[in-house]
Amino acid sequence: MLDISVLPTAPKADDWGFVFAGRDTVTSLRGEPGMPWRISEVISQWHVEMSSALPVGHWQGRGVWAFSVPEDSVDLSTQLSGNLYSLLGRVDDGLFHAHGRAYQLLHWRETHRHCGRCGTLTQSIEDGRAVVCESCSLRVYPRVSPCVIVLVNKGDKMLLAAAAGFQKRFYSTLAGFMEPGETCEEAVIREVREEVGVEVGNVRYFRSQPWPFPSQVMLGFFAEWQSGDLALSPEEIEDADWFDVGAMPPTPPNASISGQLISHFIESL
Ligand SMILES: [Zn+2]
């Protein structure tokens with residue numbers, strides 16, 4: 001697994017380099033899918049400055065660093081460039097977490113080049129764990145945005161929804177960002193009410209999953225239907241229905257917490 005308790009302090013030639021071009025992760029067409037580069041390969045292929053490397057942690061006994069390279073620098077004859085989501089479930093969890101954390105840290109650094117309070121350029125401090133504004137002393141650490149994701153049941157049936165804009169590619173559990181000042185349980189109840197118009201109760205925590213698209217943590221819950229008929233919010237939900245295990249629509253892969261909520265519920269029947 002990725003170890004983030006101690007960050008590497010200086011890139012070594014055989015450390016790992018996770019390379020991103022825009023939102024896409026760039027890996028080699030040769031070798032195992034999703035494997036990162038060695039730092040020596042990152043230098044020889046992209047001529048990047050080591051001062052731009054962001055420390056991520058340690059994986060398989062070596063330091064892990066994140067690099068951002070220009071989108072037009074990807075050589076598709078030898079390199080594979082793709083959305084992080086394409087690696088979910090295709091590589092082991094530790095490797096996916098390393099890609100995800102590298103991407104989140106790059107995204108955070110790129111969106112905090114300037115102080116949010118006074119606009120001054122920020123400086124990296126604490127070995128890359130934070131940035132500070134030397135003008136007004138504002139200090140900013142990488143942010144994660146908590147989201148609740150919930151499987152609602154009505155007896156043996158599961159409430160699953162196709163999100164607007166995804167052409168009913170698959171039916172998933174409901175999810176949404178938490179609001180400031182809200183408990184997880186309140187967020188579950190509010191999101192379900194807003195998206196499909198029903199009231200739920202008996203909210204129980206399941207498990208969580210880092211979700212680097214770009215910087216969420218998904219907090220999984222089960223909840224039970226209490227009252228109301230489905231009334232869909234058209235901006236968010238294309239379609240939603242109660243499904244039983246004998247007639248399931250396409251659902252997300254088990255590598256996602258939505259897939260895990262669904263399979264856990266089915267196993268509990
Ligand atoms: Zn400032």
# chains A, B, ... in the order shown; residues from 1 in each chain; ligands from 1

$ closest_atom_pairs --of "chain A" --to "ligand 1" --cutoff "9 Å" --atoms "only C-alpha atoms and all ligand atoms" --output "Markdown table"
| residue | atom | partner | partner_atom_place_in_ligand_line | distance |
| --- | --- | --- | --- | --- |
| A:His114 | CA | ligand 1 | 1 (Zn) | 7.8 |
| A:Cys115 | CA | ligand 1 | 1 (Zn) | 4.6 |
| A:Gly116 | CA | ligand 1 | 1 (Zn) | 6.6 |
| A:Arg117 | CA | ligand 1 | 1 (Zn) | 5.0 |
| A:Cys118 | CA | ligand 1 | 1 (Zn) | 4.1 |
| A:Gly119 | CA | ligand 1 | 1 (Zn) | 5.9 |
| A:Thr120 | CA | ligand 1 | 1 (Zn) | 5.4 |
| A:Leu121 | CA | ligand 1 | 1 (Zn) | 8.0 |
| A:Thr122 | CA | ligand 1 | 1 (Zn) | 7.8 |
| A:Val132 | CA | ligand 1 | 1 (Zn) | 7.9 |
| A:Cys133 | CA | ligand 1 | 1 (Zn) | 4.6 |
| A:Glu134 | CA | ligand 1 | 1 (Zn) | 6.7 |
| A:Ser135 | CA | ligand 1 | 1 (Zn) | 5.1 |
| A:Cys136 | CA | ligand 1 | 1 (Zn) | 4.1 |
| A:Ser137 | CA | ligand 1 | 1 (Zn) | 6.1 |
| A:Leu138 | CA | ligand 1 | 1 (Zn) | 5.5 |
| A:Arg139 | CA | ligand 1 | 1 (Zn) | 8.6 |

$ closest_atom_pairs --of "range 143-223 of chain A" --to "range 252-260 of chain A" --cutoff "9 Å" --atoms "only C-alpha atoms" --output "CSV"
residue,atom,partner,partner_atom,distance
A:Ile149,CA,A:Ser258,CA,7.3
A:Val150,CA,A:Ser258,CA,8.0
A:Leu151,CA,A:Ser258,CA,7.9
A:Phe170,CA,A:Pro252,CA,6.5
A:Tyr171,CA,A:Pro252,CA,7.2
A:Ser172,CA,A:Pro252,CA,6.3
A:Thr173,CA,A:Ser258,CA,5.8
A:Leu174,CA,A:Ser258,CA,8.6
A:Arg207,CA,A:Ile257,CA,8.0
A:Ser208,CA,A:Ile257,CA,7.3
A:Gln209,CA,A:Ile257,CA,6.5
A:Trp211,CA,A:Ser256,CA,8.8
A:Met218,CA,A:Ile257,CA,7.6
A:Leu219,CA,A:Ile257,CA,8.6
A:Gly220,CA,A:Ile257,CA,6.9

$ write_last_selection --atoms "all heavy atoms" --output "CSV table (one decimal), in the first residue's frame"
chain,number,residue,atom,x,y,z
A,149,ILE,N,-22.5,8.9,0.0
A,149,ILE,CA,-23.0,8.0,-1.1
A,149,ILE,C,-23.8,6.9,-0.4
A,149,ILE,O,-23.4,6.4,0.6
A,149,ILE,CB,-21.9,7.4,-2.0
A,149,ILE,CG1,-22.4,6.6,-3.1
A,149,ILE,CG2,-20.8,6.7,-1.2
A,149,ILE,CD1,-21.5,6.4,-4.2
A,150,VAL,N,-25.1,6.7,-0.8
A,150,VAL,CA,-26.0,5.9,0.0
A,150,VAL,C,-26.8,4.9,-0.9
A,150,VAL,O,-27.3,5.3,-1.9
A,150,VAL,CB,-26.9,6.9,0.8
A,150,VAL,CG1,-27.7,7.8,-0.2
A,150,VAL,CG2,-27.9,6.1,1.6
A,151,LEU,N,-26.9,3.7,-0.3
A,151,LEU,CA,-27.8,2.8,-0.9
A,151,LEU,C,-29.1,2.8,-0.1
A,151,LEU,O,-29.0,2.5,1.1
A,151,LEU,CB,-27.2,1.4,-1.0
A,151,LEU,CG,-28.1,0.3,-1.7
A,151,LEU,CD1,-27.2,-0.7,-2.4
A,151,LEU,CD2,-29.1,-0.4,-0.8
A,170,PHE,N,-24.9,3.5,-16.5
A,170,PHE,CA,-25.2,2.6,-15.4
A,170,PHE,C,-26.0,3.3,-14.3
A,170,PHE,O,-26.1,4.5,-14.3
A,170,PHE,CB,-23.9,1.9,-14.9
A,170,PHE,CG,-22.8,2.9,-14.5
A,170,PHE,CD1,-23.0,3.7,-13.4
A,170,PHE,CD2,-21.6,2.9,-15.2
A,170,PHE,CE1,-21.9,4.5,-13.0
A,170,PHE,CE2,-20.6,3.8,-14.8
A,170,PHE,CZ,-20.8,4.6,-13.7
A,171,TYR,N,-26.6,2.4,-13.5
A,171,TYR,CA,-27.4,2.9,-12.4
A,171,TYR,C,-26.6,2.7,-11.1
A,171,TYR,O,-26.1,1.6,-10.9
A,171,TYR,CB,-28.7,2.1,-12.4
A,171,TYR,CG,-29.7,2.5,-13.4
A,171,TYR,CD1,-29.5,2.3,-14.8
A,171,TYR,CD2,-30.9,3.2,-13.0
A,171,TYR,CE1,-30.4,2.7,-15.7
A,171,TYR,CE2,-31.8,3.6,-14.0
A,171,TYR,CZ,-31.6,3.3,-15.3
A,171,TYR,OH,-32.5,3.7,-16.3
A,172,SER,N,-26.5,3.8,-10.4
A,172,SER,CA,-25.7,3.8,-9.2
A,172,SER,C,-26.5,4.2,-8.0
A,172,SER,O,-27.6,4.6,-8.1
A,172,SER,CB,-24.5,4.9,-9.5
A,172,SER,OG,-23.6,4.9,-8.4
A,173,THR,N,-25.8,4.1,-6.8
A,173,THR,CA,-26.3,4.7,-5.6
A,173,THR,C,-26.3,6.2,-5.7
A,173,THR,O,-25.5,6.8,-6.4
A,173,THR,CB,-25.5,4.1,-4.4
A,173,THR,OG1,-24.1,4.4,-4.7
A,173,THR,CG2,-25.7,2.7,-4.2
A,174,LEU,N,-27.1,6.8,-4.8
A,174,LEU,CA,-27.2,8.3,-4.8
A,174,LEU,C,-26.0,8.9,-4.1
A,174,LEU,O,-25.5,8.3,-3.1
A,174,LEU,CB,-28.5,8.8,-4.2
A,174,LEU,CG,-29.8,8.3,-4.9
A,174,LEU,CD1,-30.9,8.8,-4.0
A,174,LEU,CD2,-29.8,8.9,-6.3
A,207,ARG,N,-18.5,2.2,4.8
A,207,ARG,CA,-17.1,2.4,4.7
A,207,ARG,C,-16.8,3.6,3.8
A,207,ARG,O,-17.7,4.2,3.3
A,207,ARG,CB,-16.4,1.2,4.1
A,207,ARG,CG,-16.7,0.8,2.7
A,207,ARG,CD,-15.9,-0.4,2.2
A,207,ARG,NE,-16.2,-1.7,2.8
A,207,ARG,CZ,-16.4,-2.8,2.2
A,207,ARG,NH1,-16.3,-2.9,0.9
A,207,ARG,NH2,-16.7,-3.9,2.9
A,208,SER,N,-15.5,4.0,3.6
A,208,SER,CA,-15.2,5.1,2.8
A,208,SER,C,-14.2,4.8,1.7
A,208,SER,O,-13.6,3.7,1.7
A,208,SER,CB,-14.6,6.2,3.7
A,208,SER,OG,-13.4,5.8,4.3
A,209,GLN,N,-14.1,5.7,0.8
A,209,GLN,CA,-13.1,5.5,-0.3
A,209,GLN,C,-12.6,6.8,-0.8
A,209,GLN,O,-13.4,7.7,-1.2
A,209,GLN,CB,-13.8,4.8,-1.5
A,209,GLN,CG,-12.9,4.5,-2.7
A,209,GLN,CD,-13.6,3.7,-3.8
A,209,GLN,OE1,-14.8,4.0,-4.1
A,209,GLN,NE2,-12.9,2.7,-4.4
A,211,TRP,N,-11.6,9.4,-3.5
A,211,TRP,CA,-12.2,9.4,-4.9
A,211,TRP,C,-11.6,10.6,-5.6
A,211,TRP,O,-12.0,11.8,-5.5
A,211,TRP,CB,-13.7,9.6,-4.7
A,211,TRP,CG,-14.5,9.3,-6.0
A,211,TRP,CD1,-15.3,10.2,-6.7
A,211,TRP,CD2,-14.6,8.0,-6.6
A,211,TRP,NE1,-15.9,9.5,-7.7
A,211,TRP,CE2,-15.5,8.2,-7.7
A,211,TRP,CE3,-14.1,6.7,-6.4
A,211,TRP,CZ2,-15.8,7.2,-8.6
A,211,TRP,CZ3,-14.4,5.7,-7.3
A,211,TRP,CH2,-15.3,5.9,-8.3
A,218,MET,N,-15.4,9.6,-0.5
A,218,MET,CA,-16.8,9.1,-0.5
A,218,MET,C,-17.0,8.4,0.8
A,218,MET,O,-16.3,7.5,1.2
A,218,MET,CB,-17.0,8.1,-1.7
A,218,MET,CG,-16.6,8.7,-3.0
A,218,MET,SD,-17.5,10.2,-3.5
A,218,MET,CE,-19.1,9.6,-3.8
A,219,LEU,N,-18.1,8.8,1.5
A,219,LEU,CA,-18.5,8.2,2.8
A,219,LEU,C,-19.7,7.4,2.5
A,219,LEU,O,-20.8,8.0,2.2
A,219,LEU,CB,-18.7,9.3,3.8
A,219,LEU,CG,-17.6,10.3,4.0
A,219,LEU,CD1,-18.0,11.5,4.8
A,219,LEU,CD2,-16.4,9.6,4.7
A,220,GLY,N,-19.6,6.1,2.6
A,220,GLY,CA,-20.7,5.2,2.2
A,220,GLY,C,-21.7,4.9,3.3
A,220,GLY,O,-21.3,4.7,4.5

$ closest_residue --among "A:Asn153, A:Gln60, A:Asn83, A:Thr78" --to "Leu269 in chain A" --atoms "only C-alpha atoms"
A:Asn153

$ closest_residue --among "A:Leu106, A:Leu29, A:Val19, A:Ala66" --to "Ser215 in chain A" --atoms "only C-alpha atoms"
A:Leu106

$ atom_distance --atom1 "CA of Gly228 in chain A" --atom2 "CA of Arg204 in chain A"
20.2 Å

$ closest_atom_pairs --of "range 31-148 of chain A" --to "range 182-202 of chain A" --cutoff "12 Å" --atoms "only C-alpha atoms" --output "tab-separated table"
residue	atom	partner	partner_atom	distance
A:Pro146	CA	A:Cys184	CA	9.0
A:Cys147	CA	A:Ala187	CA	8.5
A:Val148	CA	A:Val188	CA	6.2

$ residues_around --residues "Asp127 in chain A" --least-positions-apart "2" --cutoff "8 Å" --atoms "only C-alpha atoms" --output "list of chain:residue names"
A:Leu7, A:Thr9, A:Pro55, A:Ser124, A:Ile125, A:Arg129, A:Ala130

$ write_last_selection --atoms "N, CA and C atoms" --output "compact mmCIF listing (two decimals), in the first residue's frame"
# COMPACT_ATOMS: atom_id res chain seq x y z
N LEU A 7 7.10 11.60 4.04
CA LEU A 7 7.24 11.96 2.63
C LEU A 7 8.72 11.94 2.24
N THR A 9 12.19 13.25 0.70
CA THR A 9 12.68 14.63 0.79
C THR A 9 13.45 15.08 -0.45
N PRO A 55 6.16 15.70 -3.47
CA PRO A 55 6.29 14.43 -2.73
C PRO A 55 4.93 13.84 -2.39
N SER A 124 5.82 26.71 -1.35
CA SER A 124 5.69 25.38 -0.77
C SER A 124 6.46 25.34 0.56
N ILE A 125 5.84 24.75 1.59
CA ILE A 125 6.51 24.60 2.90
C ILE A 125 6.26 23.20 3.44
N ARG A 129 4.05 19.65 2.09
CA ARG A 129 2.75 19.29 2.67
C ARG A 129 1.76 20.46 2.67
N ALA A 130 2.25 21.66 2.51
CA ALA A 130 1.37 22.83 2.58
C ALA A 130 1.96 23.93 1.71

$ residues_around --residues "Trp65 in chain A" --least-positions-apart "4" --cutoff "9 Å" --atoms "only C-alpha atoms" --output "PyMOL selection string"
chain A and resi 8+11+15-19+39+53-58+102

$ decode --residues "range 72-93 of chain A" --atoms "N, CA, C and O atoms" --output "CSV table (one decimal), in the first residue's frame"
chain,number,residue,atom,x,y,z
A,72,ASP,N,0.8,18.4,-24.7
A,72,ASP,CA,1.3,18.1,-26.1
A,72,ASP,C,2.6,17.4,-26.0
A,72,ASP,O,3.2,17.1,-27.0
A,73,SER,N,3.1,17.0,-24.8
A,73,SER,CA,4.4,16.3,-24.7
A,73,SER,C,4.2,14.8,-24.6
A,73,SER,O,5.2,14.1,-24.6
A,74,VAL,N,3.0,14.3,-24.7
A,74,VAL,CA,2.8,12.9,-24.6
A,74,VAL,C,3.0,12.2,-25.9
A,74,VAL,O,2.5,12.7,-27.0
A,75,ASP,N,3.9,11.2,-25.9
A,75,ASP,CA,4.2,10.5,-27.2
A,75,ASP,C,3.4,9.2,-27.2
A,75,ASP,O,3.7,8.2,-26.6
A,76,LEU,N,2.3,9.3,-28.0
A,76,LEU,CA,1.3,8.2,-28.0
A,76,LEU,C,1.8,6.9,-28.7
A,76,LEU,O,1.2,5.9,-28.6
A,77,SER,N,3.0,7.0,-29.3
A,77,SER,CA,3.6,5.7,-29.9
A,77,SER,C,4.2,4.9,-28.8
A,77,SER,O,4.3,3.6,-28.9
A,78,THR,N,4.6,5.5,-27.6
A,78,THR,CA,5.2,4.7,-26.6
A,78,THR,C,4.5,4.9,-25.2
A,78,THR,O,4.8,4.2,-24.3
A,79,GLN,N,3.6,5.9,-25.2
A,79,GLN,CA,2.9,6.2,-23.9
A,79,GLN,C,1.4,6.1,-24.0
A,79,GLN,O,0.8,6.4,-25.0
A,80,LEU,N,0.8,5.8,-22.9
A,80,LEU,CA,-0.6,5.7,-22.8
A,80,LEU,C,-1.1,6.9,-21.9
A,80,LEU,O,-0.6,7.0,-20.7
A,81,SER,N,-2.1,7.6,-22.4
A,81,SER,CA,-2.6,8.7,-21.6
A,81,SER,C,-4.1,8.5,-21.4
A,81,SER,O,-4.8,8.3,-22.4
A,82,GLY,N,-4.6,8.5,-20.2
A,82,GLY,CA,-6.0,8.3,-20.0
A,82,GLY,C,-6.4,8.8,-18.6
A,82,GLY,O,-5.7,9.1,-17.7
A,83,ASN,N,-7.8,8.9,-18.5
A,83,ASN,CA,-8.4,9.4,-17.3
A,83,ASN,C,-8.1,8.4,-16.2
A,83,ASN,O,-8.0,7.1,-16.4
A,84,LEU,N,-7.9,8.9,-15.0
A,84,LEU,CA,-7.6,8.1,-13.8
A,84,LEU,C,-8.6,7.0,-13.6
A,84,LEU,O,-8.4,5.9,-13.2
A,85,TYR,N,-9.9,7.3,-14.0
A,85,TYR,CA,-11.0,6.4,-13.8
A,85,TYR,C,-10.8,5.1,-14.5
A,85,TYR,O,-11.2,4.0,-14.1
A,86,SER,N,-10.0,5.2,-15.7
A,86,SER,CA,-9.8,3.9,-16.5
A,86,SER,C,-8.9,3.0,-15.7
A,86,SER,O,-8.8,1.8,-16.1
A,87,LEU,N,-8.2,3.4,-14.7
A,87,LEU,CA,-7.3,2.5,-13.9
A,87,LEU,C,-8.1,1.8,-12.7
A,87,LEU,O,-7.6,0.9,-12.2
A,88,LEU,N,-9.3,2.4,-12.4
A,88,LEU,CA,-10.0,1.9,-11.2
A,88,LEU,C,-10.4,0.4,-11.5
A,88,LEU,O,-11.1,0.2,-12.4
A,89,GLY,N,-10.0,-0.5,-10.6
A,89,GLY,CA,-10.3,-1.9,-10.7
A,89,GLY,C,-9.4,-2.6,-11.7
A,89,GLY,O,-9.4,-3.8,-11.7
A,90,ARG,N,-8.6,-1.9,-12.4
A,90,ARG,CA,-7.6,-2.6,-13.4
A,90,ARG,C,-6.2,-2.7,-12.7
A,90,ARG,O,-5.5,-3.6,-13.2
A,91,VAL,N,-5.9,-1.9,-11.7
A,91,VAL,CA,-4.7,-2.0,-11.0
A,91,VAL,C,-5.0,-2.2,-9.6
A,91,VAL,O,-6.1,-2.0,-9.1
A,92,ASP,N,-4.0,-2.7,-8.8
A,92,ASP,CA,-4.3,-3.0,-7.4
A,92,ASP,C,-4.6,-1.7,-6.6
A,92,ASP,O,-4.2,-0.6,-7.0
A,93,ASP,N,-5.3,-1.9,-5.5
A,93,ASP,CA,-5.7,-0.7,-4.7
A,93,ASP,C,-4.6,0.2,-4.3
A,93,ASP,O,-4.7,1.4,-4.4
